[in-house]
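The file query12.txt comes next; it holds compact mmCIF, C-alpha atoms.
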# COMPACT_ATOMS: atom_id res chain seq x y z
CA MET F 1294 114.47 82.35 123.91
CA ASN F 1295 112.45 81.43 126.98
CA ALA F 1296 110.32 78.26 127.16
CA ALA F 1297 107.14 80.10 126.13
CA GLU F 1298 108.85 81.55 123.06
CA ILE F 1299 110.18 78.12 122.07
CA ALA F 1300 106.73 76.51 122.45
CA THR F 1301 105.20 79.35 120.42
CA ALA F 1302 107.74 78.99 117.61
CA LYS F 1303 107.18 75.25 117.48
CA LEU F 1304 103.40 75.66 117.20
CA ILE F 1305 103.68 78.37 114.52
CA GLU F 1306 106.05 76.25 112.45
CA GLN F 1307 103.96 73.07 112.79
CA THR F 1308 100.74 74.93 111.98
CA LEU F 1309 101.96 76.89 108.95
CA LYS F 1310 104.67 74.65 107.48
CA ASP F 1311 102.51 73.26 104.65
CA ASN F 1312 101.11 76.63 103.60
CA PRO F 1313 102.86 77.80 100.38
CA ALA F 1314 102.36 81.45 101.43
CA TYR F 1315 104.37 80.94 104.65
CA ARG F 1316 108.06 81.70 105.12
CA LYS F 1317 110.26 81.48 108.20
CA ILE F 1318 112.58 84.49 108.39
CA ASP F 1319 114.34 83.62 111.64
CA ASP F 1320 113.63 81.90 114.99
CA SER F 1321 111.03 84.46 116.03
CA LEU F 1322 109.84 86.02 112.75
CA TYR F 1323 107.59 84.55 110.08
CA VAL F 1324 105.73 85.96 107.08
CA VAL F 1325 102.51 84.92 105.37
CA ARG F 1326 101.47 86.41 102.04
CA GLN F 1327 97.83 87.16 101.31
CA GLY F 1328 97.06 88.83 97.98
CA SER F 1329 98.81 92.19 97.96
CA THR F 1330 99.78 92.14 101.62
CA TYR F 1331 102.17 90.33 103.95
CA VAL F 1332 101.47 89.44 107.57
CA MET F 1333 104.54 89.48 109.78
CA ILE F 1334 104.24 87.10 112.73
CA ASN F 1335 106.69 88.02 115.45
CA ILE F 1336 107.27 86.19 118.72
CA VAL F 1337 108.05 88.68 121.47
CA SER F 1338 109.25 87.91 124.98
CA TRP F 1339 106.88 89.12 127.68
CA GLY F 1340 108.77 88.82 130.89
CA PRO F 1341 110.91 85.86 131.88
CA ASP F 1342 108.36 83.13 131.15
CA ARG F 1343 105.77 84.45 128.71
CA ALA F 1344 105.53 85.21 125.00
CA LEU F 1345 103.32 87.23 122.70
CA VAL F 1346 102.48 86.52 119.08
CA CYS F 1347 102.27 89.86 117.27
CA CYS F 1348 100.69 89.77 113.80
CA VAL F 1349 101.27 92.97 111.84
CA ALA F 1350 100.44 93.83 108.24
CA GLN F 1351 101.64 97.02 106.60
CA LEU F 1352 98.70 98.19 104.48
CA VAL F 1353 99.84 101.41 102.88
CA LYS F 1354 103.02 103.47 103.06
CA GLY F 1355 103.24 107.15 102.12
CA VAL F 1356 99.70 108.15 103.01
CA LYS F 1357 99.04 111.28 105.06
CA LEU F 1358 96.77 110.67 108.02
CA ASP F 1359 94.12 113.35 107.60
CA PRO F 1360 91.15 113.70 110.00
CA GLU F 1361 88.78 111.87 107.62
CA LEU F 1362 91.05 108.82 107.36
CA ALA F 1363 91.79 108.80 111.10
CA LYS F 1364 88.08 108.90 111.93
CA LYS F 1365 87.30 106.12 109.45
CA LEU F 1366 90.03 103.86 110.89
CA LEU F 1367 88.76 104.45 114.44
CA GLU F 1368 85.20 103.65 113.37
CA LEU F 1369 86.38 100.45 111.70
CA ASN F 1370 88.28 99.47 114.87
CA ALA F 1371 85.00 99.62 116.80
CA HIS F 1372 83.40 97.02 114.52
CA LEU F 1373 86.23 94.50 114.13
CA ARG F 1374 86.09 91.08 115.77
CA PHE F 1375 89.67 91.65 116.87
CA GLY F 1376 92.71 93.54 115.67
CA ALA F 1377 93.07 97.24 115.05
CA PHE F 1378 94.22 99.73 112.47
CA ALA F 1379 97.20 101.84 113.49
CA TYR F 1380 99.33 104.65 112.09
CA GLU F 1381 103.12 104.89 112.17
CA PRO F 1382 104.23 108.47 111.39
CA ASP F 1383 107.73 107.33 110.37
CA GLY F 1384 107.02 106.63 106.70
CA ASP F 1385 103.33 107.54 106.96
CA VAL F 1386 102.34 103.88 107.30
CA ILE F 1387 98.89 102.44 107.98
CA LEU F 1388 99.08 99.08 109.75
CA PHE F 1389 96.66 96.41 110.83
CA LEU F 1390 97.71 94.39 113.86
CA HIS F 1391 96.63 91.98 116.53
CA SER F 1392 98.53 90.26 119.36
CA ILE F 1393 97.72 87.09 121.27
CA LEU F 1394 99.33 85.28 124.17
CA GLY F 1395 101.81 82.62 123.12
CA GLY F 1396 103.32 79.78 125.06
CA GLU F 1397 101.70 76.56 126.21
CA THR F 1398 98.17 78.03 126.10
CA LEU F 1399 98.38 79.02 122.43
CA ASN F 1400 96.45 76.62 120.23
CA ARG F 1401 96.41 75.98 116.50
CA GLU F 1402 92.85 77.27 115.94
CA GLU F 1403 93.52 80.56 117.74
CA LEU F 1404 96.73 81.08 115.79
CA LEU F 1405 95.08 80.33 112.43
CA ALA F 1406 92.08 82.57 113.20
CA THR F 1407 94.40 85.43 114.11
CA VAL F 1408 96.65 85.11 111.07
CA LYS F 1409 93.69 84.66 108.70
CA ASP F 1410 91.75 87.62 110.08
CA VAL F 1411 94.76 89.92 109.94
CA ALA F 1412 95.55 88.75 106.41
CA VAL F 1413 92.00 89.09 105.08
CA VAL F 1414 91.39 92.53 106.60
CA ALA F 1415 94.80 93.80 105.48
CA ASP F 1416 94.40 92.49 101.93
CA ASP F 1417 90.99 94.13 101.59
CA TYR F 1418 91.78 97.48 103.17
CA ASP F 1419 95.24 98.08 101.65
CA ASP F 1420 93.66 98.54 98.23
CA ARG F 1421 90.72 100.57 99.58
CA ILE F 1422 92.99 102.98 101.45
CA ARG F 1423 95.40 103.30 98.52
CA GLN F 1424 92.56 104.06 96.09
CA LYS F 1425 91.04 106.78 98.27
CA TYR F 1426 94.07 108.26 100.05
CA GLY F 1427 97.09 107.30 97.93
CA GLY F 1428 100.30 105.64 99.02
CA GLN F 1429 101.77 102.27 98.12
CA THR F 1430 100.83 98.75 99.20
CA MET F 1431 103.45 96.22 100.25
CA LYS F 1432 103.12 94.57 96.85
CA ASP F 1433 103.78 97.93 95.15
CA LEU F 1434 106.83 98.55 97.34
CA LEU F 1435 108.28 95.09 96.77
CA GLU F 1436 107.78 95.27 93.01
CA GLU F 1437 109.39 98.72 92.94
CA ALA F 1438 112.35 97.49 95.00
CA ALA F 1439 112.79 94.45 92.75
CA LEU F 1440 112.75 96.61 89.62
CA GLU F 1441 115.28 99.01 91.14
CA ARG F 1442 117.57 96.07 91.97
CA ILE F 1443 117.31 94.73 88.42
CA LEU F 1444 117.97 98.13 86.89
CA LEU F 1445 120.81 98.88 89.27
CA ASN F 1446 122.63 95.66 88.39
CA ASN F 1447 121.76 95.48 84.68
CA ARG F 1448 120.77 99.00 83.63
CA LYS F 1449 122.46 98.83 80.21
CA GLN F 1450 120.45 95.72 79.26
CA PHE F 1451 117.20 97.68 79.72
CA LEU F 1452 118.12 100.73 77.63
CA PHE F 1453 117.07 101.28 74.06
CA GLU F 1454 119.68 102.21 71.48
CA GLY F 1455 120.81 105.81 71.99
CA GLU F 1456 119.68 106.04 75.65
CA ASN F 1457 122.17 106.72 78.45
Starting from the file, give its structure as structure tokens.
Amino acid sequence: MNAAEIATAKLIEQTLKDNPAYRKIDDSLYVVRQGSTYVMINIVSWGPDRALVCCVAQLVKGVKLDPELAKKLLELNAHLRFGAFAYEPDGDVILFLHSILGGETLNREELLATVKDVAVVADDYDDRIRQKYGGQTMKDLLEEAALERILLNNRKQFLFEGEN
């Protein structure tokens, strides 16, 4: 990690450490939970002496991007304070993201405003998009994965008498 990345990580950890929704995944990746969504905060090197803070929330997976949805997301982008909706075709994923410059110029208020805005927008729009266009929110996907893990390891405990 370069000096800007180290300074960014230190500020993120100091700023979010007391928040019960915050988790450190590794030296450059953090997660904050907000309702039914998760904001991933990733520190990315930008040249030899700079860093970016990329905040990304996966809103809905498994939704087809039709012209109506694409137009609506673009219209919403025009009215947002900052951040933008995006589409990842691999998995048909709708994202909400925003990046800011890290390093020595990053301050606590800017970081909190970014994380909060991404979290609030993502938590609101994941349900709206799912209701109108289908797909699964991060909460849905995590609950499904947890259930599959439980059933995979203990399937016989969850069967009624006579079931295979």
Pairwise distance for CA of Ser1392 (chain F) and CA of Gln1351 (chain F), rounded to one decimal in Å: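 Taking CA of Ser1392 (chain F) as the start and CA of Gln1351 (chain F) as the end point, the length is 14.8 Å.
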Can you tell me, as number ranges by chain, what residues are no more than 12 Å from region 1299-1316 of chain F when counting all atoms listed in the file, ignoring any on the same chain fewer than 2 positions away? F: 1294-1297, 1318-1338, 1342-1348, 1393-1409, 1412
Write out, as a tab-separated table (two decimals), in the coordinates of the input, the residues just selected, with C-alpha atoms.
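Everything below was put into selection05.tsv:
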chain	number	residue	atom	x	y	z
F	1294	MET	CA	114.47	82.35	123.91
F	1295	ASN	CA	112.45	81.43	126.98
F	1296	ALA	CA	110.32	78.26	127.16
F	1297	ALA	CA	107.14	80.10	126.13
F	1318	ILE	CA	112.58	84.49	108.39
F	1319	ASP	CA	114.34	83.62	111.64
F	1320	ASP	CA	113.63	81.90	114.99
F	1321	SER	CA	111.03	84.46	116.03
F	1322	LEU	CA	109.84	86.02	112.75
F	1323	TYR	CA	107.59	84.55	110.08
F	1324	VAL	CA	105.73	85.96	107.08
F	1325	VAL	CA	102.51	84.92	105.37
F	1326	ARG	CA	101.47	86.41	102.04
F	1327	GLN	CA	97.83	87.16	101.31
F	1328	GLY	CA	97.06	88.83	97.98
F	1329	SER	CA	98.81	92.19	97.96
F	1330	THR	CA	99.78	92.14	101.62
F	1331	TYR	CA	102.17	90.33	103.95
F	1332	VAL	CA	101.47	89.44	107.57
F	1333	MET	CA	104.54	89.48	109.78
F	1334	ILE	CA	104.24	87.10	112.73
F	1335	ASN	CA	106.69	88.02	115.45
F	1336	ILE	CA	107.27	86.19	118.72
F	1337	VAL	CA	108.05	88.68	121.47
F	1338	SER	CA	109.25	87.91	124.98
F	1342	ASP	CA	108.36	83.13	131.15
F	1343	ARG	CA	105.77	84.45	128.71
F	1344	ALA	CA	105.53	85.21	125.00
F	1345	LEU	CA	103.32	87.23	122.70
F	1346	VAL	CA	102.48	86.52	119.08
F	1347	CYS	CA	102.27	89.86	117.27
F	1348	CYS	CA	100.69	89.77	113.80
F	1393	ILE	CA	97.72	87.09	121.27
F	1394	LEU	CA	99.33	85.28	124.17
F	1395	GLY	CA	101.81	82.62	123.12
F	1396	GLY	CA	103.32	79.78	125.06
F	1397	GLU	CA	101.70	76.56	126.21
F	1398	THR	CA	98.17	78.03	126.10
F	1399	LEU	CA	98.38	79.02	122.43
F	1400	ASN	CA	96.45	76.62	120.23
F	1401	ARG	CA	96.41	75.98	116.50
F	1402	GLU	CA	92.85	77.27	115.94
F	1403	GLU	CA	93.52	80.56	117.74
F	1404	LEU	CA	96.73	81.08	115.79
F	1405	LEU	CA	95.08	80.33	112.43
F	1406	ALA	CA	92.08	82.57	113.20
F	1407	THR	CA	94.40	85.43	114.11
F	1408	VAL	CA	96.65	85.11	111.07
F	1409	LYS	CA	93.69	84.66	108.70
F	1412	ALA	CA	95.55	88.75	106.41
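Every residue within 10 Å of the file position (102.9, 101.5, 104.5), judged by all atoms listed in the file, is given as Ala1350, Gln1351, Leu1352, Val1353, Lys1354, Gly1355, Val1356, Tyr1380, Glu1381, Pro1382, Asp1383, Gly1384, Asp1385, Val1386, Ile1387, Leu1388, Asp1419, Arg1423, Gly1428, Gln1429, Thr1430, Met1431 and Leu1434 of chain F.
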Report, in Å with one decimal, the straight-line distance from CA of Ile1422 (chain F) to CA of Leu1362 (chain F).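 For CA of Ile1422 (chain F) relative to CA of Leu1362 (chain F), the distance reads 8.5 Å.
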Just to confirm, what's the straight-line distance from CA of Leu1390 (chain F) to CA of Asp1410 (chain F) in Å (one decimal)?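 Atom-to-atom, CA of Leu1390 (chain F) to CA of Asp1410 (chain F), that is 9.8 Å.
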Produce the centre coordinates and the three edge lengths, each in Å to one decimal, of the box along x, y and z that contains all listed atoms of region 1344-1353 of chain F with 6 Å added on each side, as AutoDock Vina command-line options.
--center_x 102.1 --center_y 93.3 --center_z 113.9 --size_x 18.8 --size_y 28.2 --size_z 34.1
